[in-house]
$ cat protein_31.txt   # compact mmCIF, C-alpha atoms
# COMPACT_ATOMS: atom_id res chain seq x y z
CA MET V 1215 62.90 25.16 17.17
CA GLU V 1216 66.49 25.64 18.22
CA TRP V 1217 69.31 23.61 16.69
CA GLU V 1218 71.09 21.17 19.02
CA ALA V 1219 74.01 19.48 17.26
CA ASP V 1220 74.36 16.67 19.83
CA ALA V 1221 70.65 15.92 20.18
CA PRO V 1222 69.79 12.26 19.46
CA TYR V 1223 67.58 13.41 16.60
CA CYS V 1224 67.26 16.25 14.10
CA THR V 1225 63.86 17.92 13.71
CA PHE V 1226 63.03 20.31 10.89
CA GLN V 1227 60.17 21.83 8.88
CA ILE V 1228 59.79 21.46 5.12
CA PRO V 1229 57.28 23.16 2.82
CA TYR V 1230 54.52 20.73 1.92
CA GLN V 1231 51.27 21.24 0.00
CA GLY V 1232 50.89 24.93 0.78
CA GLY V 1233 51.91 24.57 4.42
CA SER V 1234 54.73 22.97 6.32
CA LEU V 1235 55.44 19.48 7.56
CA THR V 1236 57.58 18.43 10.51
CA GLY V 1237 60.24 15.84 9.80
CA ARG V 1238 62.56 14.08 12.20
CA PHE V 1239 65.65 11.98 11.63
CA PHE V 1240 66.48 9.79 14.63
CA LEU V 1241 70.19 10.48 14.15
CA ASN V 1242 72.45 13.10 15.66
CA GLU V 1243 74.18 15.65 13.45
CA ALA V 1244 77.31 13.51 12.92
CA ALA V 1245 75.35 10.39 11.93
CA LEU V 1246 73.00 12.39 9.71
CA SER V 1247 75.96 13.87 7.84
CA LYS V 1248 76.82 10.32 6.68
CA PHE V 1249 73.25 9.50 5.63
CA PRO V 1250 72.86 8.97 1.84
CA LEU V 1251 71.81 12.30 0.36
CA SER V 1252 70.35 10.54 -2.70
CA TRP V 1253 67.92 8.67 -0.42
CA VAL V 1254 66.87 11.91 1.31
CA ARG V 1255 66.24 13.56 -2.07
CA GLU V 1256 64.16 10.56 -3.12
CA LEU V 1257 62.16 10.78 0.12
CA VAL V 1258 61.36 14.46 -0.45
CA ARG V 1259 60.46 13.80 -4.09
CA ARG V 1260 58.20 10.87 -3.19
CA LEU V 1261 56.55 12.36 -0.10
CA PRO V 1262 53.24 13.20 -1.87
CA GLU V 1263 53.12 9.63 -3.23
CA LEU V 1264 53.89 8.16 0.22
CA ASP V 1265 51.19 10.38 1.75
CA ARG V 1266 48.66 9.12 -0.83
CA ARG V 1267 49.70 5.50 -0.28
CA GLY V 1268 49.50 5.96 3.49
CA ARG V 1269 45.96 7.32 3.24
CA THR V 1270 44.99 4.48 0.89
CA PHE V 1271 46.43 1.97 3.34
CA LEU V 1272 44.51 3.46 6.26
CA ALA V 1273 41.27 3.42 4.28
CA ALA V 1274 41.70 -0.07 2.78
CA GLN V 1275 43.50 -2.02 5.49
CA ALA V 1276 42.55 -0.27 8.71
CA GLY V 1277 39.02 0.60 7.56
CA LEU V 1278 39.44 4.28 8.40
CA GLY V 1279 37.88 7.10 6.46
CA THR V 1280 40.37 9.73 5.37
CA GLU V 1281 38.01 12.70 5.78
CA GLY V 1282 39.69 15.29 8.01
CA LEU V 1283 42.88 13.22 8.26
CA SER V 1284 46.05 15.29 7.97
CA LEU V 1285 49.68 14.28 7.64
CA GLU V 1286 51.29 15.97 10.65
CA TRP V 1287 54.85 14.64 10.71
CA PHE V 1288 57.19 11.92 9.52
CA ALA V 1289 60.14 10.24 11.18
CA VAL V 1290 63.13 8.45 9.67
CA HIS V 1291 65.07 5.87 11.68
CA PRO V 1292 68.79 5.01 11.30
CA ASP V 1293 67.94 1.94 9.17
CA ARG V 1294 65.92 4.26 6.85
CA THR V 1295 62.56 2.83 7.86
CA MET V 1296 60.06 5.59 8.41
CA ARG V 1297 56.68 6.45 9.84
CA LEU V 1298 54.10 8.88 8.58
CA CYS V 1299 51.82 10.19 11.32
CA TYR V 1300 48.26 11.20 10.48
CA ILE V 1301 46.05 13.07 12.91
CA ARG V 1302 42.31 13.72 13.01
CA GLY V 1303 41.19 15.49 16.17
CA GLN V 1304 42.75 13.53 19.04
CA ASP V 1305 43.14 10.36 16.96
CA GLN V 1306 46.62 9.52 15.67
CA GLN V 1307 47.47 6.84 13.08
CA MET V 1308 50.92 5.70 11.93
CA VAL V 1309 51.83 4.16 8.60
CA LEU V 1310 55.19 2.42 8.28
CA PHE V 1311 57.42 2.32 5.23
CA ASP V 1312 60.54 0.25 4.66
CA ARG V 1313 63.82 1.72 3.37
CA ASP V 1314 62.73 1.06 -0.23
CA PHE V 1315 59.54 3.13 0.35
CA SER V 1316 57.28 0.05 0.39
CA LEU V 1317 54.57 -0.22 3.03
CA CYS V 1318 55.49 -2.53 5.90
CA SER V 1319 54.18 -3.66 9.26
CA GLU V 1320 55.79 -3.43 12.71
CA ASP V 1321 57.53 -6.79 12.17
CA ARG V 1322 59.00 -5.42 8.89
CA GLN V 1323 56.79 -7.67 6.76
CA PRO V 1324 55.13 -6.14 3.69
CA ALA V 1325 51.86 -4.62 4.84
CA LEU V 1326 49.82 -5.65 1.83
CA THR V 1327 50.67 -9.33 1.45
CA ARG V 1328 47.66 -10.72 3.30
CA PRO V 1329 44.56 -8.91 2.11
CA GLU V 1330 41.48 -9.23 4.26
CA GLY V 1331 38.22 -9.84 2.47
CA GLY V 1332 37.34 -11.47 -0.80
CA ALA V 1333 38.15 -11.13 -4.43
CA PHE V 1334 36.72 -8.35 -6.52
CA LEU V 1335 36.31 -7.58 -10.17
CA ALA V 1336 37.30 -4.29 -11.74
CA PHE V 1337 37.52 -2.89 -15.24
CA VAL V 1338 40.35 -0.60 -16.21
CA LEU V 1339 40.32 1.67 -19.24
CA LEU V 1340 43.76 1.86 -20.83
CA GLU V 1341 45.08 5.02 -22.43
CA ALA V 1342 47.00 3.09 -25.10
CA PRO V 1343 46.76 -0.39 -26.62
CA ALA V 1344 50.30 -1.30 -25.44
CA TRP V 1345 50.80 -1.76 -21.69
CA ASP V 1346 53.06 -3.57 -19.23
CA PRO V 1347 51.13 -6.00 -16.98
CA ASP V 1348 53.96 -6.14 -14.41
CA GLN V 1349 54.03 -2.34 -14.13
CA PHE V 1350 50.23 -2.37 -13.83
CA ARG V 1351 50.46 -4.80 -10.87
CA ARG V 1352 53.18 -2.63 -9.24
CA ASP V 1353 51.04 0.50 -9.70
CA LEU V 1354 48.01 -1.20 -8.16
CA ARG V 1355 50.14 -2.21 -5.17
CA ASP V 1356 52.23 0.95 -4.73
CA LEU V 1357 49.84 3.71 -5.74
CA TYR V 1358 46.50 2.32 -4.54
CA GLY V 1359 47.35 -0.26 -1.88
CA ILE V 1360 45.77 -3.12 -3.87
CA PRO V 1361 47.77 -6.35 -3.68
CA CYS V 1362 47.90 -8.06 -7.03
CA PRO V 1363 49.98 -11.26 -6.86
CA HIS V 1364 50.84 -12.90 -10.18
CA ARG V 1365 49.30 -16.35 -10.43
CA GLY V 1366 50.02 -17.08 -14.10
CA GLY V 1367 47.61 -16.57 -16.96
CA GLY V 1368 45.93 -13.18 -17.39
CA ILE V 1369 47.28 -10.42 -15.21

$ encode --input "protein_31.txt" --output "structure tokens"
Amino acid sequence: MEWEADAPYCTFQIPYQGGSLTGRFFLNEAALSKFPLSWVRELVRRLPELDRRGRTFLAAQAGLGTEGLSLEWFAVHPDRTMRLCYIRGQDQQMVLFDRDFSLCSEDRQPALTRPEGGAFLAFVLLEAPAWDPDQFRRDLRDLYGIPCPHRGGGI
């Protein structure tokens, strides 16, 4: 890839999980220079987590198996929303994230607010007797794509 300072986007490769991953910012060089560096660092730090959450979302919400699915590229828009693109053969799937790294849909609504299907029961083994129920709900939502609204009583 050759560098074009006035191109409407900046494309680059970053090392990722033993290979490389293509990234693209839909900003020219001048606009990208004003982009918050702290947010970019957080994106790079959280990329494996976002990849895992994207795969979980595709499996749980879109009903897709993740076998053979590979993260091929990601794109960041000027408002800091982003897309992760997964490819398997000729099939391509996109997962959208909002600027705070939460999953979202095309209309910018949280992607996991309206679960399809029924309730389920699960048992969780805790590592320690003390735990934070609110953090547990956030982890279920953010790490595994399981919505867990608080309805009072219990967790």

$ residues_around --input "protein_31.txt" --residues "range 1241-1247 of chain V" --least-positions-apart "3" --cutoff "12 Å" --atoms "all atoms listed in the file" --output "list of chain:residue names"
V:Trp1217, V:Glu1218, V:Ala1219, V:Asp1220, V:Ala1221, V:Pro1222, V:Tyr1223, V:Cys1224, V:Thr1225, V:Arg1238, V:Pro1250, V:Leu1251, V:Trp1253, V:Val1254, V:Ala1289, V:Val1290, V:His1291, V:Pro1292, V:Asp1293, V:Arg1294

$ write_last_selection --input "protein_31.txt" --atoms "C-alpha atoms" --output "compact mmCIF listing (two decimals), in the frame of the given file"
# COMPACT_ATOMS: atom_id res chain seq x y z
CA TRP V 1217 69.31 23.61 16.69
CA GLU V 1218 71.09 21.17 19.02
CA ALA V 1219 74.01 19.48 17.26
CA ASP V 1220 74.36 16.67 19.83
CA ALA V 1221 70.65 15.92 20.18
CA PRO V 1222 69.79 12.26 19.46
CA TYR V 1223 67.58 13.41 16.60
CA CYS V 1224 67.26 16.25 14.10
CA THR V 1225 63.86 17.92 13.71
CA ARG V 1238 62.56 14.08 12.20
CA PRO V 1250 72.86 8.97 1.84
CA LEU V 1251 71.81 12.30 0.36
CA TRP V 1253 67.92 8.67 -0.42
CA VAL V 1254 66.87 11.91 1.31
CA ALA V 1289 60.14 10.24 11.18
CA VAL V 1290 63.13 8.45 9.67
CA HIS V 1291 65.07 5.87 11.68
CA PRO V 1292 68.79 5.01 11.30
CA ASP V 1293 67.94 1.94 9.17
CA ARG V 1294 65.92 4.26 6.85

$ atom_distance --input "protein_31.txt" --atom1 "CA of Asp1314 in chain V" --atom2 "CA of Glu1341 in chain V"
28.6 Å

$ residues_around --input "protein_31.txt" --residues "range 1277-1281 of chain V" --least-positions-apart "3" --cutoff "12 Å" --atoms "only C-alpha atoms" --output "list in words"
Asp1265, Arg1266, Arg1267, Gly1268, Arg1269, Thr1270, Phe1271, Leu1272, Ala1273, Ala1274, Ser1284, Leu1285, Tyr1300, Ile1301, Arg1302, Gly1303, Asp1305, Gln1306, Gln1307, Glu1330 and Gly1331 of chain V

$ closest_residue --input "protein_31.txt" --among "V:Leu1339, V:Ile1228, V:Met1308, V:Leu1298" --to "Glu1263 in chain V" --atoms "only C-alpha atoms"
V:Leu1298

$ closest_residue --input "protein_31.txt" --among "V:Thr1236, V:Phe1315, V:Leu1283, V:Gln1304" --to "Arg1259 in chain V" --atoms "all atoms listed in the file"
V:Phe1315

$ atom_distance --input "protein_31.txt" --atom1 "CA of Gly1232 in chain V" --atom2 "CA of Glu1256 in chain V"
19.9 Å

$ closest_residue --input "protein_31.txt" --among "V:Asp1353, V:Asp1312, V:Asp1346, V:Glu1286" --to "Leu1257 in chain V" --atoms "only C-alpha atoms"
V:Asp1312

$ decode --input "protein_31.txt" --residues "range 1227-1299 of chain V" --atoms "C-alpha atoms" --output "tab-separated table (two decimals), in the first residue's frame"
chain	number	residue	atom	x	y	z
V	1227	GLN	CA	-1.81	-3.07	8.64
V	1228	ILE	CA	-1.32	-3.94	12.29
V	1229	PRO	CA	0.07	-7.15	13.80
V	1230	TYR	CA	-2.77	-9.28	15.12
V	1231	GLN	CA	-2.79	-12.82	16.53
V	1232	GLY	CA	0.31	-14.02	14.70
V	1233	GLY	CA	-0.63	-12.37	11.41
V	1234	SER	CA	-1.74	-8.96	10.30
V	1235	LEU	CA	-5.06	-7.16	10.18
V	1236	THR	CA	-6.12	-4.36	7.84
V	1237	GLY	CA	-7.53	-1.27	9.49
V	1238	ARG	CA	-9.07	1.79	7.89
V	1239	PHE	CA	-9.93	5.19	9.29
V	1240	PHE	CA	-12.45	7.05	7.14
V	1241	LEU	CA	-10.59	10.32	7.70
V	1242	ASN	CA	-7.88	12.02	5.71
V	1243	GLU	CA	-4.46	12.63	7.23
V	1244	ALA	CA	-5.36	16.08	8.61
V	1245	ALA	CA	-8.57	14.88	10.28
V	1246	LEU	CA	-6.88	11.76	11.62
V	1247	SER	CA	-4.16	13.88	13.24
V	1248	LYS	CA	-6.89	15.44	15.43
V	1249	PHE	CA	-8.45	12.09	16.37
V	1250	PRO	CA	-8.10	11.25	20.11
V	1251	LEU	CA	-4.97	9.13	20.48
V	1252	SER	CA	-6.27	7.71	23.78
V	1253	TRP	CA	-9.29	6.26	21.94
V	1254	VAL	CA	-7.04	4.69	19.27
V	1255	ARG	CA	-4.87	3.10	21.97
V	1256	GLU	CA	-7.99	1.74	23.66
V	1257	LEU	CA	-9.20	0.32	20.33
V	1258	VAL	CA	-5.90	-1.51	19.76
V	1259	ARG	CA	-5.87	-2.78	23.34
V	1260	ARG	CA	-9.46	-4.01	23.13
V	1261	LEU	CA	-9.36	-5.47	19.61
V	1262	PRO	CA	-9.13	-9.13	20.78
V	1263	GLU	CA	-12.12	-8.52	23.09
V	1264	LEU	CA	-14.10	-6.84	20.29
V	1265	ASP	CA	-13.25	-9.74	17.97
V	1266	ARG	CA	-14.51	-12.24	20.58
V	1267	ARG	CA	-17.68	-10.20	21.18
V	1268	GLY	CA	-18.26	-9.90	17.43
V	1269	ARG	CA	-18.00	-13.66	16.98
V	1270	THR	CA	-20.32	-14.22	19.96
V	1271	PHE	CA	-22.81	-11.79	18.47
V	1272	LEU	CA	-22.75	-13.53	15.09
V	1273	ALA	CA	-23.25	-16.92	16.72
V	1274	ALA	CA	-25.97	-15.84	19.18
V	1275	GLN	CA	-27.90	-13.17	17.31
V	1276	ALA	CA	-27.38	-14.01	13.65
V	1277	GLY	CA	-27.34	-17.79	14.21
V	1278	LEU	CA	-24.04	-18.22	12.38
V	1279	GLY	CA	-21.42	-20.76	13.30
V	1280	THR	CA	-17.98	-19.27	13.79
V	1281	GLU	CA	-16.06	-22.23	12.34
V	1282	GLY	CA	-13.73	-20.95	9.62
V	1283	LEU	CA	-14.74	-17.33	10.24
V	1284	SER	CA	-11.81	-14.91	10.19
V	1285	LEU	CA	-11.58	-11.25	11.11
V	1286	GLU	CA	-10.29	-9.67	7.88
V	1287	TRP	CA	-10.48	-5.92	8.50
V	1288	PHE	CA	-11.98	-3.18	10.61
V	1289	ALA	CA	-13.07	0.34	9.76
V	1290	VAL	CA	-13.44	3.41	11.97
V	1291	HIS	CA	-15.74	6.26	10.96
V	1292	PRO	CA	-15.33	9.96	11.87
V	1293	ASP	CA	-17.88	9.62	14.71
V	1294	ARG	CA	-15.76	6.71	16.10
V	1295	THR	CA	-18.34	4.05	15.26
V	1296	MET	CA	-16.68	1.04	13.73
V	1297	ARG	CA	-17.26	-2.17	11.84
V	1298	LEU	CA	-15.47	-5.46	12.12
V	1299	CYS	CA	-15.63	-7.53	8.94
